[in-house]
$ cat my_file.cif   # mmCIF, C-alpha atoms and all ligand atoms
data_start
loop_
_atom_site.label_atom_id
_atom_site.label_comp_id
_atom_site.auth_asym_id
_atom_site.auth_seq_id
_atom_site.Cartn_x
_atom_site.Cartn_y
_atom_site.Cartn_z
CA MET A 1 0.00 0.00 0.00
CA LYS A 2 1.41 3.34 -1.07
CA LEU A 3 -0.10 6.38 0.55
CA VAL A 4 0.30 10.12 0.22
CA THR A 5 -0.71 12.04 3.34
CA VAL A 6 -1.40 15.75 2.95
CA VAL A 7 -1.09 18.01 6.00
CA GLY A 8 -0.59 21.72 6.44
CA ALA A 9 -1.92 23.01 9.75
CA ARG A 10 -1.07 22.46 13.39
CA PRO A 11 -3.94 20.16 14.37
CA GLN A 12 -3.15 17.96 11.37
CA PHE A 13 0.43 17.44 12.50
CA VAL A 14 -0.79 16.07 15.83
CA LYS A 15 -3.28 13.71 14.17
CA ALA A 16 -0.90 12.60 11.40
CA ALA A 17 1.94 12.00 13.88
CA ILE A 18 0.06 9.32 15.79
CA VAL A 19 -1.40 7.71 12.65
CA SER A 20 2.02 7.69 10.93
CA ARG A 21 3.40 5.64 13.80
CA ALA A 22 0.63 3.08 13.29
CA LEU A 23 1.13 3.06 9.51
CA ASP A 24 4.84 2.48 10.00
CA ARG A 25 4.15 -0.49 12.30
CA ARG A 26 2.08 -2.01 9.50
CA ARG A 27 4.72 -1.23 6.88
CA VAL A 28 2.52 1.10 4.87
CA ASP A 29 4.62 3.19 2.50
CA GLU A 30 3.64 6.76 3.40
CA ALA A 31 4.89 9.99 1.84
CA ILE A 32 3.96 13.17 3.71
CA VAL A 33 3.21 16.34 1.77
CA HIS A 34 3.27 19.59 3.78
CA THR A 35 1.33 22.34 2.02
CA GLY A 36 2.93 25.11 4.09
CA GLN A 37 -0.40 26.45 5.41
CA HIS A 38 1.21 26.85 8.84
CA PHE A 39 4.82 27.81 8.42
CA ASP A 40 6.16 29.38 11.66
CA ALA A 41 8.61 27.03 13.39
CA ASN A 42 6.45 26.90 16.54
CA MET A 43 3.33 26.11 14.49
CA SER A 44 4.97 23.46 12.31
CA GLN A 45 8.56 22.20 12.67
CA VAL A 46 8.29 21.72 16.44
CA PHE A 47 5.58 19.10 15.87
CA PHE A 48 7.66 17.12 13.38
CA ASP A 49 10.60 17.19 15.83
CA GLU A 50 8.82 16.51 19.13
CA LEU A 51 6.30 14.02 17.81
CA GLU A 52 9.00 12.27 15.76
CA MET A 53 7.08 12.52 12.53
CA PRO A 54 8.70 11.49 9.26
CA ALA A 55 10.01 14.57 7.44
CA PRO A 56 7.77 15.73 4.60
CA ALA A 57 8.70 14.25 1.22
CA ARG A 58 7.53 17.52 -0.34
CA HIS A 59 7.03 20.97 1.19
CA LEU A 60 4.86 23.15 -1.04
CA GLY A 61 5.41 26.44 0.80
CA ILE A 62 1.89 27.71 0.16
CA GLY A 63 0.41 30.00 2.79
CA GLY A 64 -0.41 33.58 3.59
CA GLY A 65 -3.03 34.08 0.83
CA THR A 66 -6.82 34.16 0.89
CA HIS A 67 -8.75 30.90 1.22
CA GLY A 68 -9.34 30.81 -2.53
CA GLN A 69 -5.75 31.62 -3.44
CA ASN A 70 -4.32 29.05 -1.06
CA THR A 71 -6.75 26.31 -2.03
CA GLY A 72 -6.22 26.91 -5.76
CA ARG A 73 -2.43 26.92 -5.51
CA MET A 74 -2.49 23.83 -3.34
CA ILE A 75 -4.69 21.88 -5.78
CA GLU A 76 -2.26 22.63 -8.60
CA ARG A 77 0.82 21.63 -6.65
CA ILE A 78 -0.73 18.58 -4.95
CA GLU A 79 -1.93 17.29 -8.33
CA ALA A 80 1.65 17.33 -9.61
CA VAL A 81 2.89 15.50 -6.51
CA LEU A 82 0.15 12.86 -6.84
CA VAL A 83 1.04 12.29 -10.49
CA GLU A 84 4.68 11.90 -9.45
CA PHE A 85 4.02 9.50 -6.53
CA SER A 86 1.03 7.66 -7.99
CA PRO A 87 -0.30 6.46 -4.59
CA HIS A 88 -3.08 3.91 -3.98
CA ALA A 89 -4.85 6.45 -1.80
CA VAL A 90 -4.57 9.95 -0.37
CA LEU A 91 -4.96 10.41 3.38
CA VAL A 92 -6.35 13.71 4.67
CA TYR A 93 -7.26 15.05 8.10
CA GLY A 94 -9.90 17.35 9.48
CA ASP A 95 -11.18 20.46 7.81
CA THR A 96 -8.56 22.91 6.59
CA ASP A 97 -7.90 24.33 3.11
CA SER A 98 -5.13 21.72 2.80
CA THR A 99 -7.71 18.97 3.40
CA LEU A 100 -10.04 20.24 0.71
CA ALA A 101 -7.28 20.95 -1.81
CA ALA A 102 -5.89 17.43 -1.45
CA ALA A 103 -9.38 15.94 -1.80
CA ILE A 104 -10.10 17.85 -4.99
CA ALA A 105 -6.71 17.05 -6.52
CA ALA A 106 -7.09 13.35 -5.71
CA ALA A 107 -10.71 13.15 -6.85
CA LYS A 108 -9.82 14.61 -10.26
CA LEU A 109 -7.12 11.96 -10.66
CA ASN A 110 -9.48 9.17 -9.52
CA ILE A 111 -7.28 8.41 -6.55
CA PRO A 112 -9.31 7.17 -3.54
CA ILE A 113 -9.43 9.59 -0.61
CA ALA A 114 -9.40 8.47 3.01
CA HIS A 115 -10.68 11.16 5.40
CA VAL A 116 -9.80 11.03 9.08
CA GLU A 117 -12.26 12.93 11.31
CA ALA A 118 -15.08 12.48 8.80
CA GLY A 119 -18.67 13.41 9.60
CA LEU A 120 -18.13 16.30 11.98
CA ARG A 121 -20.60 19.10 11.53
CA SER A 122 -21.19 22.45 13.20
CA PHE A 123 -24.14 23.08 10.82
CA ASN A 124 -22.75 26.59 10.37
CA ARG A 125 -21.84 27.01 6.70
CA ARG A 126 -20.33 30.42 7.40
CA MET A 127 -17.33 28.63 8.88
CA PRO A 128 -14.69 27.87 6.24
CA GLU A 129 -13.98 24.62 8.11
CA GLU A 130 -17.58 23.43 7.69
CA VAL A 131 -17.47 23.87 3.93
CA ASN A 132 -14.13 22.04 3.78
CA ARG A 133 -15.49 19.11 5.80
CA VAL A 134 -18.69 18.66 3.85
CA LEU A 135 -16.97 18.77 0.46
CA THR A 136 -14.16 16.46 1.54
CA ASP A 137 -16.56 13.89 2.98
CA HIS A 138 -18.56 13.83 -0.23
CA ALA A 139 -15.42 13.24 -2.30
CA SER A 140 -14.04 10.49 -0.03
CA SER A 141 -13.96 6.74 -0.56
CA LEU A 142 -13.17 5.86 3.03
CA LEU A 143 -14.53 7.90 5.91
CA PHE A 144 -12.98 7.37 9.32
CA ALA A 145 -15.54 8.79 11.74
CA PRO A 146 -14.47 9.58 15.30
CA THR A 147 -17.89 9.21 16.97
CA GLN A 148 -21.40 7.82 16.55
CA VAL A 149 -22.65 11.37 16.10
CA ALA A 150 -20.30 11.76 13.11
CA VAL A 151 -21.60 8.50 11.60
CA ARG A 152 -25.17 9.76 11.97
CA ASN A 153 -24.28 13.11 10.38
CA LEU A 154 -22.88 11.30 7.35
CA ALA A 155 -25.92 9.03 7.09
CA ALA A 156 -28.16 12.12 7.09
CA GLU A 157 -26.26 13.30 4.00
CA GLY A 158 -26.63 9.93 2.28
CA ILE A 159 -23.11 8.65 3.04
CA ALA A 160 -23.37 5.24 4.68
CA GLY A 161 -22.35 1.62 4.35
CA ASP A 162 -18.92 -0.02 4.32
CA LEU A 163 -17.12 3.15 3.38
CA VAL A 164 -17.94 4.74 6.76
CA ILE A 165 -15.99 3.28 9.68
CA GLU A 166 -16.33 4.49 13.26
CA VAL A 167 -12.79 4.08 14.54
CA GLY A 168 -12.68 6.51 17.47
CA ASP A 169 -10.70 9.71 17.68
CA VAL A 170 -7.00 9.75 16.81
CA MET A 171 -6.56 12.74 19.13
CA HIS A 172 -7.47 10.48 22.01
CA ASP A 173 -4.63 8.16 20.96
CA ALA A 174 -2.30 11.16 20.73
CA ALA A 175 -3.34 12.46 24.17
CA LEU A 176 -2.59 9.06 25.73
CA PHE A 177 0.70 8.41 23.95
CA TYR A 178 2.23 11.89 23.96
CA GLY A 179 0.61 12.76 27.31
CA ALA A 180 2.80 10.12 28.97
CA LYS A 181 5.83 11.52 27.13
CA ALA A 182 5.00 15.08 28.20
CA ASP A 183 5.02 14.01 31.87
CA GLN A 184 8.64 12.90 31.41
CA THR A 185 9.96 15.74 29.29
CA SER A 186 8.02 19.02 29.61
CA ASN A 187 9.16 21.62 32.14
CA VAL A 188 6.73 24.28 30.95
CA LEU A 189 5.13 24.84 34.36
CA GLY A 190 8.51 25.60 35.90
CA ARG A 191 9.57 27.82 32.99
CA LEU A 192 6.42 29.92 33.35
CA SER A 193 6.37 29.76 37.18
CA LEU A 194 2.89 28.20 37.16
CA ARG A 195 1.41 26.17 39.99
CA PRO A 196 -0.92 23.26 39.09
CA LYS A 197 -4.62 24.20 39.08
CA ASP A 198 -3.74 27.85 39.73
CA TYR A 199 -4.38 29.09 36.19
CA ALA A 200 -6.80 28.85 33.30
CA LEU A 201 -5.48 27.96 29.84
CA ALA A 202 -6.98 29.76 26.84
CA THR A 203 -6.64 29.54 23.06
CA VAL A 204 -8.35 31.69 20.42
CA HIS A 205 -7.83 31.30 16.70
CA ARG A 206 -11.10 30.94 14.77
CA ALA A 207 -11.83 33.48 12.07
CA GLU A 208 -15.30 34.12 13.53
CA ASN A 209 -13.65 35.30 16.79
CA THR A 210 -10.35 36.83 15.71
CA ASP A 211 -11.52 38.71 12.62
CA ASP A 212 -14.44 40.30 14.47
CA LEU A 213 -13.46 43.27 16.65
CA ALA A 214 -16.56 42.99 18.85
CA ARG A 215 -16.10 39.28 19.59
CA LEU A 216 -12.37 39.54 20.13
CA SER A 217 -12.89 42.45 22.57
CA VAL A 218 -15.55 40.48 24.45
CA ILE A 219 -13.19 37.53 24.81
CA LEU A 220 -10.37 39.67 26.23
CA ASN A 221 -12.79 41.55 28.51
CA GLY A 222 -14.29 38.23 29.58
CA PHE A 223 -10.82 37.03 30.59
CA ALA A 224 -10.28 40.30 32.50
CA LYS A 225 -13.59 39.91 34.35
CA TYR A 226 -12.86 36.27 35.16
CA GLY A 227 -9.97 37.73 37.14
CA GLY A 228 -7.84 34.62 37.76
CA LYS A 229 -4.59 33.97 35.94
CA VAL A 230 -5.13 33.10 32.26
CA VAL A 231 -2.30 31.62 30.18
CA LEU A 232 -2.78 32.37 26.48
CA PRO A 233 -0.48 30.74 23.91
CA MET A 234 -1.14 33.25 21.17
CA HIS A 235 -2.04 32.00 17.69
CA PRO A 236 -0.42 34.16 14.95
CA ARG A 237 -3.86 35.10 13.56
CA ALA A 238 -5.07 36.32 16.98
CA LYS A 239 -1.82 38.23 17.50
CA ALA A 240 -2.14 39.99 14.16
CA ARG A 241 -5.77 40.97 14.81
CA ILE A 242 -5.20 42.13 18.42
CA GLU A 243 -2.36 44.34 17.17
CA GLY A 244 -4.35 45.47 14.15
CA PHE A 245 -7.41 46.42 16.20
CA GLY A 246 -5.21 48.05 18.85
CA LEU A 247 -6.68 45.91 21.67
CA ARG A 248 -5.07 45.75 25.09
CA ILE A 249 -4.14 42.51 26.84
CA PRO A 250 -5.67 42.43 30.36
CA ALA A 251 -3.19 42.37 33.26
CA ASN A 252 -4.24 38.87 34.43
CA VAL A 253 -3.52 37.33 30.99
CA LEU A 254 -0.08 35.86 30.45
CA VAL A 255 0.55 35.86 26.71
CA ILE A 256 3.09 33.34 25.48
CA GLU A 257 4.20 32.18 22.03
CA PRO A 258 2.45 29.08 20.65
CA VAL A 259 3.97 26.07 22.41
CA GLY A 260 4.86 22.59 21.15
CA TYR A 261 2.39 19.77 21.72
CA LEU A 262 4.17 18.29 24.73
CA ASP A 263 4.16 21.62 26.57
CA MET A 264 0.56 22.16 25.51
CA VAL A 265 -0.51 18.82 26.96
CA MET A 266 1.24 19.71 30.20
CA LEU A 267 -0.45 23.13 30.34
CA GLU A 268 -3.82 21.47 29.65
CA LYS A 269 -3.43 18.73 32.26
CA HIS A 270 -2.63 21.16 35.07
CA ALA A 271 -5.07 23.96 34.24
CA CYS A 272 -8.09 24.48 36.51
CA LEU A 273 -10.08 25.41 33.41
CA ILE A 274 -9.68 25.61 29.65
CA ALA A 275 -11.37 28.38 27.65
CA THR A 276 -11.03 27.88 23.92
CA ASP A 277 -12.52 28.11 20.46
CA SER A 278 -10.35 25.23 19.24
CA GLY A 279 -11.93 21.95 18.23
CA GLY A 280 -8.97 19.87 19.35
CA VAL A 281 -8.41 21.65 22.64
CA GLN A 282 -12.05 21.08 23.68
CA LYS A 283 -11.48 17.37 23.39
CA GLU A 284 -8.08 17.45 25.03
CA ALA A 285 -9.70 19.18 28.03
CA PHE A 286 -11.94 16.12 28.33
CA PHE A 287 -9.10 13.63 27.78
CA HIS A 288 -7.28 15.22 30.72
CA ARG A 289 -10.53 15.66 32.72
CA VAL A 290 -10.28 19.44 32.88
CA PRO A 291 -13.51 21.51 32.66
CA CYS A 292 -13.89 23.55 29.50
CA ALA A 293 -15.75 26.66 28.37
CA THR A 294 -16.00 26.90 24.59
CA LEU A 295 -16.02 30.42 23.17
CA ARG A 296 -18.33 29.71 20.24
CA ASP A 297 -21.99 29.65 19.23
CA GLU A 298 -21.93 25.93 18.48
CA THR A 299 -19.60 22.96 18.60
CA GLU A 300 -19.00 19.81 16.59
CA TRP A 301 -18.24 17.89 19.80
CA VAL A 302 -21.78 17.95 21.16
CA GLU A 303 -21.30 14.91 23.42
CA LEU A 304 -19.00 16.93 25.67
CA VAL A 305 -21.63 19.61 26.19
CA ASP A 306 -24.38 17.02 26.74
CA SER A 307 -22.27 15.25 29.37
CA GLY A 308 -21.35 18.42 31.25
CA TRP A 309 -17.60 18.42 30.51
CA ASN A 310 -17.95 21.47 28.27
CA ARG A 311 -20.25 24.48 28.11
CA LEU A 312 -20.78 26.83 25.20
CA VAL A 313 -20.60 30.56 25.69
CA SER A 314 -21.02 32.86 22.70
CA PRO A 315 -18.46 35.65 22.87
CA VAL A 316 -21.04 38.42 22.70
CA ASP A 317 -21.15 39.38 26.40
CA ALA A 318 -17.99 39.65 28.54
CA ASP A 319 -19.89 39.04 31.80
CA ALA A 320 -21.35 35.82 30.39
CA VAL A 321 -17.87 34.66 29.31
CA ALA A 322 -16.46 35.39 32.78
CA ARG A 323 -19.40 33.71 34.50
CA ALA A 324 -19.13 30.58 32.32
CA MET A 325 -15.40 30.33 33.06
CA ALA A 326 -15.84 30.76 36.81
CA ALA A 327 -18.76 28.30 36.90
CA ALA A 328 -16.77 25.64 35.06
CA VAL A 329 -13.92 25.51 37.59
CA GLY A 330 -14.22 22.44 39.82
CA THR A 331 -16.99 20.79 37.80
CA ILE A 332 -16.81 17.28 36.42
CA GLY A 333 -19.04 15.76 33.78
CA ALA A 334 -20.69 12.39 33.35
CA ALA A 335 -18.61 9.24 32.84
CA ILE A 336 -18.66 8.89 29.04
CA ALA A 337 -16.27 7.37 26.51
CA PRO A 338 -17.37 8.62 23.10
CA TYR A 339 -13.94 8.68 21.43
CA GLY A 340 -13.01 5.02 21.36
CA ARG A 341 -10.40 3.04 23.23
CA GLY A 342 -7.28 4.86 22.10
CA ASP A 343 -6.73 2.52 19.15
CA ALA A 344 -8.22 4.68 16.38
CA SER A 345 -4.88 5.15 14.63
CA ASP A 346 -4.21 1.43 14.62
CA ARG A 347 -7.66 0.70 13.22
CA ILE A 348 -7.07 3.25 10.46
CA ALA A 349 -3.67 1.76 9.66
CA ALA A 350 -5.17 -1.75 9.59
CA ARG A 351 -7.81 -0.66 7.09
CA LEU A 352 -5.23 1.07 4.94
CA SER A 353 -2.60 -1.68 5.04
CA GLU A 354 -2.11 -4.31 2.30
CA ASP A 355 -5.41 -6.00 2.85
CA GLY A 356 -7.07 -2.58 3.10
CA ALA A 357 -5.64 -1.49 -0.24
CA GLU A 358 -7.22 -4.42 -2.00
CA ARG A 359 -10.61 -3.75 -0.52
CA LEU A 360 -10.31 -0.06 -1.24
CA GLU A 361 -9.65 -0.72 -4.91
CA ASN A 362 -12.60 -3.07 -5.08
CA ASP A 363 -14.90 -0.60 -3.41
CA PRO A 364 -17.53 0.54 -5.93
CA GLN A 365 -17.64 3.96 -4.28
CA VAL A 366 -14.14 4.57 -5.59
CA ALA A 367 -15.48 4.71 -9.10
CA ARG A 368 -17.91 7.52 -8.52
N1 LIG B 1 -1.72 23.25 20.30
C1 LIG B 1 -0.36 23.27 20.57
N2 LIG B 1 0.20 24.43 20.97
C2 LIG B 1 -0.50 25.59 21.15
C3 LIG B 1 -1.90 25.56 20.89
C4 LIG B 1 -2.47 24.37 20.45
O1 LIG B 1 0.31 22.24 20.45
O2 LIG B 1 0.10 26.62 21.50
C5 LIG B 1 -2.32 21.99 19.86
C6 LIG B 1 -3.48 21.51 20.68
O3 LIG B 1 -3.04 20.81 21.81
C7 LIG B 1 -4.26 20.66 19.70
C8 LIG B 1 -4.01 21.35 18.39
O4 LIG B 1 -2.86 22.18 18.57
O5 LIG B 1 -3.72 19.35 19.62
C9 LIG B 1 -5.23 22.18 18.09
O6 LIG B 1 -4.99 23.02 17.07
P1 LIG B 1 -5.87 24.30 16.76
O7 LIG B 1 -6.51 24.78 18.00
O8 LIG B 1 -4.96 25.23 16.03
O9 LIG B 1 -6.93 23.76 15.70
P2 LIG B 1 -8.35 23.07 15.81
O10 LIG B 1 -8.25 21.92 16.75
O11 LIG B 1 -9.35 24.11 16.26
O12 LIG B 1 -8.65 22.62 14.42
#
$ encode --input "my_file.cif" --output "structure tokens"
Amino acid sequence: MKLVTVVGARPQFVKAAIVSRALDRRRVDEAIVHTGQHFDANMSQVFFDELEMPAPARHLGIGGGTHGQNTGRMIERIEAVLVEFSPHAVLVYGDTDSTLAAAIAAAKLNIPIAHVEAGLRSFNRRMPEEVNRVLTDHASSLLFAPTQVAVRNLAAEGIAGDLVIEVGDVMHDAALFYGAKADQTSNVLGRLSLRPKDYALATVHRAENTDDLARLSVILNGFAKYGGKVVLPMHPRAKARIEGFGLRIPANVLVIEPVGYLDMVMLEKHACLIATDSGGVQKEAFFHRVPCATLRDETEWVELVDSGWNRLVSPVDADAVARAMAAAVGTIGAAIAPYGRGDASDRIAARLSEDGAERLENDPQVAR
């Protein structure tokens, strides 16, 4: 089985790292293509180094443009790489422009697409991620769904049968594997003089929050009104907007550069609360049993809200943000296990290994 994996953004490096390990164990020949969507060393290279990912076979260096520009350039360059490598399948992750570009390039070449994290929906088509997910799922030949909810979402769009496999969530696997490593290696708490459970951890990066002056101000004011220490590894997009809008960082917010995954896991584990608009960080809060307040109008990970591990707070009222954060501290949710047993990456690798390749080629869906 010869596979091309296309990644480009931070969350994809985490997911691909753990799946690559499983693919390697099963001797799948994998070439990684990095589109360049995230290019700062602390948003990209640190993940390849710390998570011991294979170096990209090709780095396309595409980033910094509009969604349309990036996606178009990526399709063109990925198509050339796929012609060169001629893989049995293309493996893509999540919901970024890199995901969609790879799916379109592969679909046009009749190369089967395997989508990890298939079936997630926010039902908000204004989010660029939602459009990317829907289109990628509909172009895919193998859909690795993380949860039952994701399987149901796909079925509601007419995608069902053998091509949809509920494998669990690869980020759960990553949290278990790299979480143990972080305990041994990360000294981030000491470096930042943080005491366990004495701080909240926050991340903000979604376009709907960072590109909107009102929402971004509410989030920062909400942190100020919460009052306790808030550690904020600052995403480059948030940094650019805060500077551009001329917003002030509240005194109780400790802004740091984006950190590597091992430090991030450590910061998550020892926070008293996580406030975030990240998809991945919401789940990681749950994996480490830390209460979470999600700074969005909706979430794809509805099971965490239903079970009480997470609560949604729209960033339209700073008092409401502060109240939701304060109320979350010390809470625990119901005992649920919606993300599998920590073997999602191995199940994906098994399906994609030699035997998997045969079945994939025989799958009638491939021909569509
Ligand atoms: N992350 C990290 N360092 C940081 C912030 C986030 O390693 O400074 C990790 C985080 O633990 C998670 C992933 O990046 O695994 C989430 O990425 P992001 O929030 O950018 O994207 P999303 O999950 O919303 O797609």
$ closest_atom_pairs --input "my_file.cif" --of "chain A" --to "ligand LIG 1 (chain B)" --cutoff "9 Å" --atoms "all atoms listed in the file" --output "tab-separated table"
residue	atom	partner	partner_atom	distance
A:Ala9	CA	B:LIG1	O8	7.3
A:Arg10	CA	B:LIG1	O6	5.4
A:Pro11	CA	B:LIG1	O6	4.1
A:Gln12	CA	B:LIG1	O12	7.8
A:Phe13	CA	B:LIG1	C8	8.3
A:Val14	CA	B:LIG1	O5	5.8
A:Lys15	CA	B:LIG1	O5	7.9
A:Asn42	CA	B:LIG1	N2	8.0
A:Met43	CA	B:LIG1	N2	7.4
A:Val46	CA	B:LIG1	O1	8.9
A:Phe47	CA	B:LIG1	O1	7.7
A:Gly94	CA	B:LIG1	O12	7.3
A:Asp95	CA	B:LIG1	O12	7.4
A:Thr96	CA	B:LIG1	O12	7.8
A:Glu129	CA	B:LIG1	O12	8.5
A:Met171	CA	B:LIG1	O5	7.2
A:Ala174	CA	B:LIG1	O5	8.4
A:Ala175	CA	B:LIG1	O5	8.3
A:Ala202	CA	B:LIG1	C3	8.9
A:Thr203	CA	B:LIG1	C3	6.6
A:Val204	CA	B:LIG1	O7	7.5
A:His205	CA	B:LIG1	O8	6.7
A:Arg206	CA	B:LIG1	O11	7.2
A:Leu232	CA	B:LIG1	O2	8.1
A:Pro233	CA	B:LIG1	O2	4.8
A:Met234	CA	B:LIG1	O2	6.8
A:His235	CA	B:LIG1	O2	6.9
A:Ile256	CA	B:LIG1	O2	8.4
A:Glu257	CA	B:LIG1	O2	6.9
A:Pro258	CA	B:LIG1	O2	3.5
A:Val259	CA	B:LIG1	O2	4.0
A:Gly260	CA	B:LIG1	O1	4.6
A:Tyr261	CA	B:LIG1	O1	3.5
A:Leu262	CA	B:LIG1	O1	7.0
A:Asp263	CA	B:LIG1	O1	7.3
A:Met264	CA	B:LIG1	O1	5.1
A:Val265	CA	B:LIG1	O3	6.1
A:Glu268	CA	B:LIG1	O3	7.9
A:Thr276	CA	B:LIG1	O7	8.1
A:Asp277	CA	B:LIG1	O11	6.6
A:Ser278	CA	B:LIG1	O11	3.3
A:Gly279	CA	B:LIG1	O11	3.9
A:Gly280	CA	B:LIG1	O10	3.4
A:Val281	CA	B:LIG1	C7	5.2
A:Gln282	CA	B:LIG1	O10	7.9
A:Lys283	CA	B:LIG1	O10	8.7
A:Glu284	CA	B:LIG1	O3	6.9
$ write_last_selection --input "my_file.cif" --atoms "C-alpha atoms" --output "PDB file, keeping the file's coordinate frame"
ATOM      1  CA  ALA A   9      -1.920  23.010   9.750  1.00  0.00           C
ATOM      2  CA  ARG A  10      -1.070  22.460  13.390  1.00  0.00           C
ATOM      3  CA  PRO A  11      -3.940  20.160  14.370  1.00  0.00           C
ATOM      4  CA  GLN A  12      -3.150  17.960  11.370  1.00  0.00           C
ATOM      5  CA  PHE A  13       0.430  17.440  12.500  1.00  0.00           C
ATOM      6  CA  VAL A  14      -0.790  16.070  15.830  1.00  0.00           C
ATOM      7  CA  LYS A  15      -3.280  13.710  14.170  1.00  0.00           C
ATOM      8  CA  ASN A  42       6.450  26.900  16.540  1.00  0.00           C
ATOM      9  CA  MET A  43       3.330  26.110  14.490  1.00  0.00           C
ATOM     10  CA  VAL A  46       8.290  21.720  16.440  1.00  0.00           C
ATOM     11  CA  PHE A  47       5.580  19.100  15.870  1.00  0.00           C
ATOM     12  CA  GLY A  94      -9.900  17.350   9.480  1.00  0.00           C
ATOM     13  CA  ASP A  95     -11.180  20.460   7.810  1.00  0.00           C
ATOM     14  CA  THR A  96      -8.560  22.910   6.590  1.00  0.00           C
ATOM     15  CA  GLU A 129     -13.980  24.620   8.110  1.00  0.00           C
ATOM     16  CA  MET A 171      -6.560  12.740  19.130  1.00  0.00           C
ATOM     17  CA  ALA A 174      -2.300  11.160  20.730  1.00  0.00           C
ATOM     18  CA  ALA A 175      -3.340  12.460  24.170  1.00  0.00           C
ATOM     19  CA  ALA A 202      -6.980  29.760  26.840  1.00  0.00           C
ATOM     20  CA  THR A 203      -6.640  29.540  23.060  1.00  0.00           C
ATOM     21  CA  VAL A 204      -8.350  31.690  20.420  1.00  0.00           C
ATOM     22  CA  HIS A 205      -7.830  31.300  16.700  1.00  0.00           C
ATOM     23  CA  ARG A 206     -11.100  30.940  14.770  1.00  0.00           C
ATOM     24  CA  LEU A 232      -2.780  32.370  26.480  1.00  0.00           C
ATOM     25  CA  PRO A 233      -0.480  30.740  23.910  1.00  0.00           C
ATOM     26  CA  MET A 234      -1.140  33.250  21.170  1.00  0.00           C
ATOM     27  CA  HIS A 235      -2.040  32.000  17.690  1.00  0.00           C
ATOM     28  CA  ILE A 256       3.090  33.340  25.480  1.00  0.00           C
ATOM     29  CA  GLU A 257       4.200  32.180  22.030  1.00  0.00           C
ATOM     30  CA  PRO A 258       2.450  29.080  20.650  1.00  0.00           C
ATOM     31  CA  VAL A 259       3.970  26.070  22.410  1.00  0.00           C
ATOM     32  CA  GLY A 260       4.860  22.590  21.150  1.00  0.00           C
ATOM     33  CA  TYR A 261       2.390  19.770  21.720  1.00  0.00           C
ATOM     34  CA  LEU A 262       4.170  18.290  24.730  1.00  0.00           C
ATOM     35  CA  ASP A 263       4.160  21.620  26.570  1.00  0.00           C
ATOM     36  CA  MET A 264       0.560  22.160  25.510  1.00  0.00           C
ATOM     37  CA  VAL A 265      -0.510  18.820  26.960  1.00  0.00           C
ATOM     38  CA  GLU A 268      -3.820  21.470  29.650  1.00  0.00           C
ATOM     39  CA  THR A 276     -11.030  27.880  23.920  1.00  0.00           C
ATOM     40  CA  ASP A 277     -12.520  28.110  20.460  1.00  0.00           C
ATOM     41  CA  SER A 278     -10.350  25.230  19.240  1.00  0.00           C
ATOM     42  CA  GLY A 279     -11.930  21.950  18.230  1.00  0.00           C
ATOM     43  CA  GLY A 280      -8.970  19.870  19.350  1.00  0.00           C
ATOM     44  CA  VAL A 281      -8.410  21.650  22.640  1.00  0.00           C
ATOM     45  CA  GLN A 282     -12.050  21.080  23.680  1.00  0.00           C
ATOM     46  CA  LYS A 283     -11.480  17.370  23.390  1.00  0.00           C
ATOM     47  CA  GLU A 284      -8.080  17.450  25.030  1.00  0.00           C
TER      48      GLU A 284
END
$ residues_around --input "my_file.cif" --residues "Ala22 (chain A)" --least-positions-apart "3" --cutoff "9 Å" --atoms "all atoms listed in the file" --output "list in words"
Ile18, Val19, Arg25, Arg26, Arg27, Val28, Ser345, Asp346, Arg347, Ile348, Ala349 and Ala350 of chain A
$ closest_residue --input "my_file.cif" --among "A:Val33, A:Leu51, A:His67, A:Arg126" --to "Phe85 (chain A)" --atoms "all atoms listed in the file"
A:Val33
$ axis_aligned_box --input "my_file.cif" --around "region 245-249 of chain A" --padding-each-side "4 Å" --output "lines of an AutoDock Vina configuration file"
center_x = -5.8
center_y = 45.3
center_z = 21.5
size_x = 11.3
size_y = 13.5
size_z = 18.6
$ residues_around --input "my_file.cif" --residues "Thr136 (chain A)" --least-positions-apart "4" --cutoff "9 Å" --atoms "all atoms listed in the file" --output "PDB file with C-alpha atoms, in the coordinates of the input"
ATOM      1  CA  VAL A  92      -6.350  13.710   4.670  1.00  0.00           C
ATOM      2  CA  ASP A  95     -11.180  20.460   7.810  1.00  0.00           C
ATOM      3  CA  THR A  99      -7.710  18.970   3.400  1.00  0.00           C
ATOM      4  CA  LEU A 100     -10.040  20.240   0.710  1.00  0.00           C
ATOM      5  CA  ALA A 101      -7.280  20.950  -1.810  1.00  0.00           C
ATOM      6  CA  ALA A 102      -5.890  17.430  -1.450  1.00  0.00           C
ATOM      7  CA  ALA A 103      -9.380  15.940  -1.800  1.00  0.00           C
ATOM      8  CA  ILE A 104     -10.100  17.850  -4.990  1.00  0.00           C
ATOM      9  CA  ILE A 113      -9.430   9.590  -0.610  1.00  0.00           C
ATOM     10  CA  HIS A 115     -10.680  11.160   5.400  1.00  0.00           C
ATOM     11  CA  ALA A 118     -15.080  12.480   8.800  1.00  0.00           C
ATOM     12  CA  VAL A 131     -17.470  23.870   3.930  1.00  0.00           C
ATOM     13  CA  ASN A 132     -14.130  22.040   3.780  1.00  0.00           C
ATOM     14  CA  SER A 140     -14.040  10.490  -0.030  1.00  0.00           C
TER      15      SER A 140
END
$ atom_distance --input "my_file.cif" --atom1 "CA of Pro315 (chain A)" --atom2 "CA of Val230 (chain A)"
16.5 Å
$ closest_residue --input "my_file.cif" --among "A:Leu154, A:Leu267, A:Val321, A:Val329" --to "Cys292 (chain A)" --atoms "all atoms listed in the file"
A:Val329
